[in-house]
Amino acid sequence: MYVGTDIMIVYFSATGNSKYVAHRIAEATGDWARPIEELRWEKHLEAHAGGRLGIVCPTYFHGLPANVINFMESKKMYVGEGSYFYFVGTYGEVGGMAADMMADILKKRGLKLDAKYSVKMPDTWTPLFDVNDKAKIAEINNAAEKQIDEVIEHIKNNDKGDFVRDKKMKFVSKMTYKAYEKARETRNFEVSDACIGCKLCVKRCPIGIIAMKDGKPVWTTEQCIMCLGCYHRCPVNAINYGKATIGKGQYVHTIDVDPEQ
Ligand SMILES: Cc1cc2nc3c(=O)[nH]c(=O)nc-3n(C[C@H](O)[C@H](O)[C@H](O)COP(=O)(O)O)c2cc1C
């Protein structure tokens, strides 16, 4: 089975921002949005001649999430003549080089990224940022609507170019991205006694590496993609990234709030 002509937007989203953007694009273009977790067994990614293929995901440490890199490098890709290939990176503060990294991956595979976009949304990296101010979060999401509309207009017109906002100098982004490797260590996670053993974190980990031991979550690999989905979704806020996230609040976009929460 291959990822055929009707699957035209592939997204990764830990906390719903990128999912929302992917679905807004899908609604406006009639293209179909699918999460990368659902496509993990597919061997091919394909855009038919004259078709469209979009990748939407968050920006991590100014670059691409590790699972997105792995996905893009491991799939066979067939991009037909005259098709339009674009990338949208959602981000909180710095758009950085995520789109450039995507273009580089594709270039190595003999493919060309036609357009690079970014959309500013609430920042889920709570070791640094605080998401407690719900009015501010709503304001950021409201402001994102216009940016998403602009991206949609560009996509509909098959516009080519680099439309990424809030880039930093490449060397700054390269240095920042180096820190991702260490930040990905799962020993950073701590689970408090507030944990109720509901297993939501196990269920929603996009790479399936959380297990339960003695009624509490444990991370079964030394590194994860550090999406913080487990932290943000925990119904009792029992998961923390060391001390850095304590009191910083939790955020999941309204498109993706779990019914259990
Ligand atoms: C590990 C991690 C690193 C992040 N690094 C950046 C960054 O370098 N620049 C930025 O603007 N936002 C950064 N963010 C924020 C996310 O890119 C942003 O909130 C994104 O919209 C989340 O998308 P999602 O809800 O689809 O997962 C980071 C978030 C996480 C979890």
# chains A, B, ... in the order shown; residues from 1 in each chain; ligands from 1
$ select_by_dssp --residues "region 44-114 of chain A" --states "alpha helix (DSSP H)" --output "PyMOL selection string"
chain A and resi 66-74+98-108
$ closest_atom_pairs --of "chain A" --to "ligand 1" --cutoff "7 Å" --atoms "only C-alpha atoms and all ligand atoms" --output "CSV"
residue,atom,partner,partner_atom_place_in_ligand_line,distance
A:Phe12,CA,ligand 1,26 (O),6.4
A:Ser13,CA,ligand 1,26 (O),3.4
A:Ala14,CA,ligand 1,27 (O),3.6
A:Thr15,CA,ligand 1,25 (O),3.5
A:Gly16,CA,ligand 1,25 (O),4.0
A:Asn17,CA,ligand 1,25 (O),3.6
A:Ser18,CA,ligand 1,26 (O),3.5
A:Lys19,CA,ligand 1,26 (O),5.7
A:Cys57,CA,ligand 1,26 (O),5.9
A:Pro58,CA,ligand 1,17 (O),4.2
A:Thr59,CA,ligand 1,17 (O),3.8
A:Tyr60,CA,ligand 1,5 (N),3.5
A:Phe61,CA,ligand 1,8 (O),3.3
A:His62,CA,ligand 1,8 (O),3.6
A:Gly63,CA,ligand 1,8 (O),6.6
A:Thr90,CA,ligand 1,21 (O),4.3
A:Tyr91,CA,ligand 1,17 (O),3.7
A:Gly92,CA,ligand 1,11 (O),3.5
A:Glu93,CA,ligand 1,11 (O),3.5
A:Val94,CA,ligand 1,11 (O),3.6
A:Gly95,CA,ligand 1,11 (O),5.3
A:Gly96,CA,ligand 1,9 (N),6.7
A:Lys120,CA,ligand 1,21 (O),6.9
A:Met121,CA,ligand 1,21 (O),5.1
A:Pro122,CA,ligand 1,19 (O),5.1
A:Asp123,CA,ligand 1,19 (O),3.5
A:Thr124,CA,ligand 1,19 (O),4.0
A:Trp125,CA,ligand 1,29 (C),4.1
A:Met226,CA,ligand 1,1 (C),5.0
A:Cys227,CA,ligand 1,31 (C),4.2
A:Leu228,CA,ligand 1,31 (C),5.2
A:Val252,CA,ligand 1,25 (O),6.8
A:His253,CA,ligand 1,25 (O),6.7
$ closest_residue --among "A:Tyr117, A:Tyr241, A:Phe71, A:Tyr180" --to "Leu39 (chain A)" --atoms "only C-alpha atoms"
A:Phe71
$ residues_around --residues "region 72-86 of chain A" --least-positions-apart "6" --cutoff "6 Å" --atoms "only C-alpha atoms" --output "list in words"
Lys43, His44, Leu45, Glu46, Ala47, His48, Ala49, Gly50, Gly51, Arg52, Leu53, Gly54, Leu113, Asp114, Ala115 and Lys116 of chain A
$ write_last_selection --atoms "C-alpha atoms" --output "tab-separated table (two decimals), in the first residue's frame"
chain	number	residue	atom	x	y	z
A	43	LYS	CA	6.32	2.62	2.51
A	44	HIS	CA	5.61	5.36	0.02
A	45	LEU	CA	4.75	9.01	0.05
A	46	GLU	CA	3.34	10.09	-3.27
A	47	ALA	CA	2.07	13.20	-4.99
A	48	HIS	CA	0.59	12.67	-8.43
A	49	ALA	CA	1.59	14.84	-11.38
A	50	GLY	CA	0.19	18.32	-10.84
A	51	GLY	CA	-0.85	17.39	-7.31
A	52	ARG	CA	0.04	18.80	-3.92
A	53	LEU	CA	1.98	17.48	-0.96
A	54	GLY	CA	2.31	19.34	2.33
A	113	LEU	CA	10.56	21.96	-1.64
A	114	ASP	CA	8.55	24.64	-3.47
A	115	ALA	CA	7.43	26.70	-0.51
A	116	LYS	CA	8.29	27.17	3.16
$ atom_distance --atom1 "CA of Ala143 (chain A)" --atom2 "CA of Ile36 (chain A)"
26.7 Å
$ residues_around --residues "Lys146 (chain A)" --least-positions-apart "6" --cutoff "12 Å" --atoms "only C-alpha atoms" --output "PDB file with C-alpha atoms, in the first residue's frame"
ATOM      1  CA  VAL A  21      -3.161  24.153  10.830  1.00  0.00           C
ATOM      2  CA  ARG A  24      -7.528  24.310   8.227  1.00  0.00           C
ATOM      3  CA  VAL A 119       2.617  29.962  11.715  1.00  0.00           C
ATOM      4  CA  LYS A 120       3.155  31.453  15.174  1.00  0.00           C
ATOM      5  CA  MET A 121       1.138  29.637  17.840  1.00  0.00           C
ATOM      6  CA  GLU A 139      -4.868  36.043  21.612  1.00  0.00           C
ATOM      7  CA  ILE A 140      -1.975  34.135  20.004  1.00  0.00           C
ATOM      8  CA  ILE A 152      -3.771  28.880   2.502  1.00  0.00           C
ATOM      9  CA  GLU A 153      -3.899  31.649  -0.120  1.00  0.00           C
TER      10      GLU A 153
END
$ atom_distance --atom1 "CA of Ala99 (chain A)" --atom2 "CA of Ala144 (chain A)"
18.1 Å
$ closest_residue --among "A:Ile196, A:Lys174, A:Pro65, A:Val10" --to "Glu38 (chain A)" --atoms "only C-alpha atoms"
A:Val10
$ residues_around --residues "Val236 (chain A)" --least-positions-apart "5" --cutoff "12 Å" --atoms "only C-alpha atoms" --output "list in words"
Val191, Ser192, Asp193, Ala194, Cys195, Ile196, Gly197, Cys198, Lys199, Leu200, Cys201, Cys230, Tyr231, Gly249, Gln250, Glu260 and Gln261 of chain A
$ write_last_selection --atoms "N, CA and C atoms" --output "mmCIF file, in the first residue's frame"
data_model
loop_
_atom_site.group_PDB
_atom_site.id
_atom_site.type_symbol
_atom_site.label_atom_id
_atom_site.label_comp_id
_atom_site.auth_asym_id
_atom_site.auth_seq_id
_atom_site.Cartn_x
_atom_site.Cartn_y
_atom_site.Cartn_z
ATOM 1 N N VAL A 191 7.770 12.062 37.749
ATOM 2 C CA VAL A 191 6.334 11.857 37.954
ATOM 3 C C VAL A 191 6.037 12.039 39.441
ATOM 4 N N SER A 192 5.108 12.916 39.735
ATOM 5 C CA SER A 192 4.814 13.199 41.156
ATOM 6 C C SER A 192 3.783 12.209 41.711
ATOM 7 N N ASP A 193 3.582 12.258 43.013
ATOM 8 C CA ASP A 193 2.607 11.385 43.667
ATOM 9 C C ASP A 193 1.169 11.701 43.245
ATOM 10 N N ALA A 194 0.994 12.829 42.587
ATOM 11 C CA ALA A 194 -0.359 13.190 42.121
ATOM 12 C C ALA A 194 -0.856 12.232 41.024
ATOM 13 N N CYS A 195 0.089 11.480 40.410
ATOM 14 C CA CYS A 195 -0.265 10.566 39.293
ATOM 15 C C CYS A 195 -1.387 9.609 39.722
ATOM 16 N N ILE A 196 -2.413 9.507 38.850
ATOM 17 C CA ILE A 196 -3.556 8.634 39.165
ATOM 18 C C ILE A 196 -3.508 7.346 38.334
ATOM 19 N N GLY A 197 -2.418 7.167 37.593
ATOM 20 C CA GLY A 197 -2.246 5.934 36.814
ATOM 21 C C GLY A 197 -3.269 5.767 35.704
ATOM 22 N N CYS A 198 -3.708 6.872 35.098
ATOM 23 C CA CYS A 198 -4.792 6.805 34.099
ATOM 24 C C CYS A 198 -4.325 6.290 32.730
ATOM 25 N N LYS A 199 -3.017 6.278 32.505
ATOM 26 C CA LYS A 199 -2.404 5.760 31.271
ATOM 27 C C LYS A 199 -2.639 6.636 30.038
ATOM 28 N N LEU A 200 -3.158 7.825 30.218
ATOM 29 C CA LEU A 200 -3.367 8.701 29.064
ATOM 30 C C LEU A 200 -2.031 8.996 28.366
ATOM 31 N N CYS A 201 -0.978 9.184 29.170
ATOM 32 C CA CYS A 201 0.354 9.462 28.614
ATOM 33 C C CYS A 201 0.838 8.286 27.773
ATOM 34 N N CYS A 230 2.987 14.243 26.819
ATOM 35 C CA CYS A 230 2.638 13.588 28.097
ATOM 36 C C CYS A 230 2.474 14.621 29.208
ATOM 37 N N TYR A 231 3.373 15.582 29.236
ATOM 38 C CA TYR A 231 3.317 16.644 30.246
ATOM 39 C C TYR A 231 2.033 17.477 30.080
ATOM 40 N N GLY A 249 2.099 25.599 33.716
ATOM 41 C CA GLY A 249 0.811 25.418 33.045
ATOM 42 C C GLY A 249 0.860 24.370 31.945
ATOM 43 N N GLN A 250 -0.321 24.007 31.477
ATOM 44 C CA GLN A 250 -0.441 22.995 30.423
ATOM 45 C C GLN A 250 -1.257 23.580 29.280
ATOM 46 N N GLU A 260 -11.059 12.434 27.843
ATOM 47 C CA GLU A 260 -10.808 12.025 29.240
ATOM 48 C C GLU A 260 -10.386 13.202 30.117
ATOM 49 N N GLN A 261 -9.918 14.286 29.470
ATOM 50 C CA GLN A 261 -9.365 15.375 30.286
ATOM 51 C C GLN A 261 -10.452 16.292 30.822
#
$ atom_distance --atom1 "CA of Pro206 (chain A)" --atom2 "CA of Ile225 (chain A)"
8.9 Å
$ select_by_dssp --residues "region 59-177 of chain A" --states "strand (DSSP E)" --output "PyMOL selection string"
chain A and resi 76-79+84-91+115-120+161-163
$ write_last_selection --atoms "C-alpha atoms" --output "short mmCIF file (atom, residue, chain, number, x, y, z; two decimals), in the first residue's frame"
data_model
loop_
_atom_site.label_atom_id
_atom_site.label_comp_id
_atom_site.auth_asym_id
_atom_site.auth_seq_id
_atom_site.Cartn_x
_atom_site.Cartn_y
_atom_site.Cartn_z
CA LYS A 76 10.07 6.20 -0.54
CA MET A 77 8.83 9.32 -2.25
CA TYR A 78 7.28 9.79 -5.65
CA VAL A 79 6.57 13.36 -6.53
CA TYR A 84 3.57 21.43 -5.46
CA PHE A 85 5.55 20.42 -2.35
CA TYR A 86 5.31 22.67 0.71
CA PHE A 87 6.21 22.72 4.40
CA VAL A 88 4.53 24.55 7.27
CA GLY A 89 6.32 24.78 10.62
CA THR A 90 4.30 25.93 13.61
CA TYR A 91 6.36 27.68 16.25
CA ALA A 115 7.43 26.70 -0.51
CA LYS A 116 8.29 27.17 3.16
CA TYR A 117 5.77 28.60 5.63
CA SER A 118 5.50 29.14 9.36
CA VAL A 119 2.62 29.96 11.72
CA LYS A 120 3.15 31.45 15.17
CA GLY A 161 9.38 30.80 -2.01
CA ASP A 162 10.42 31.20 1.60
CA PHE A 163 7.62 32.74 3.69
#
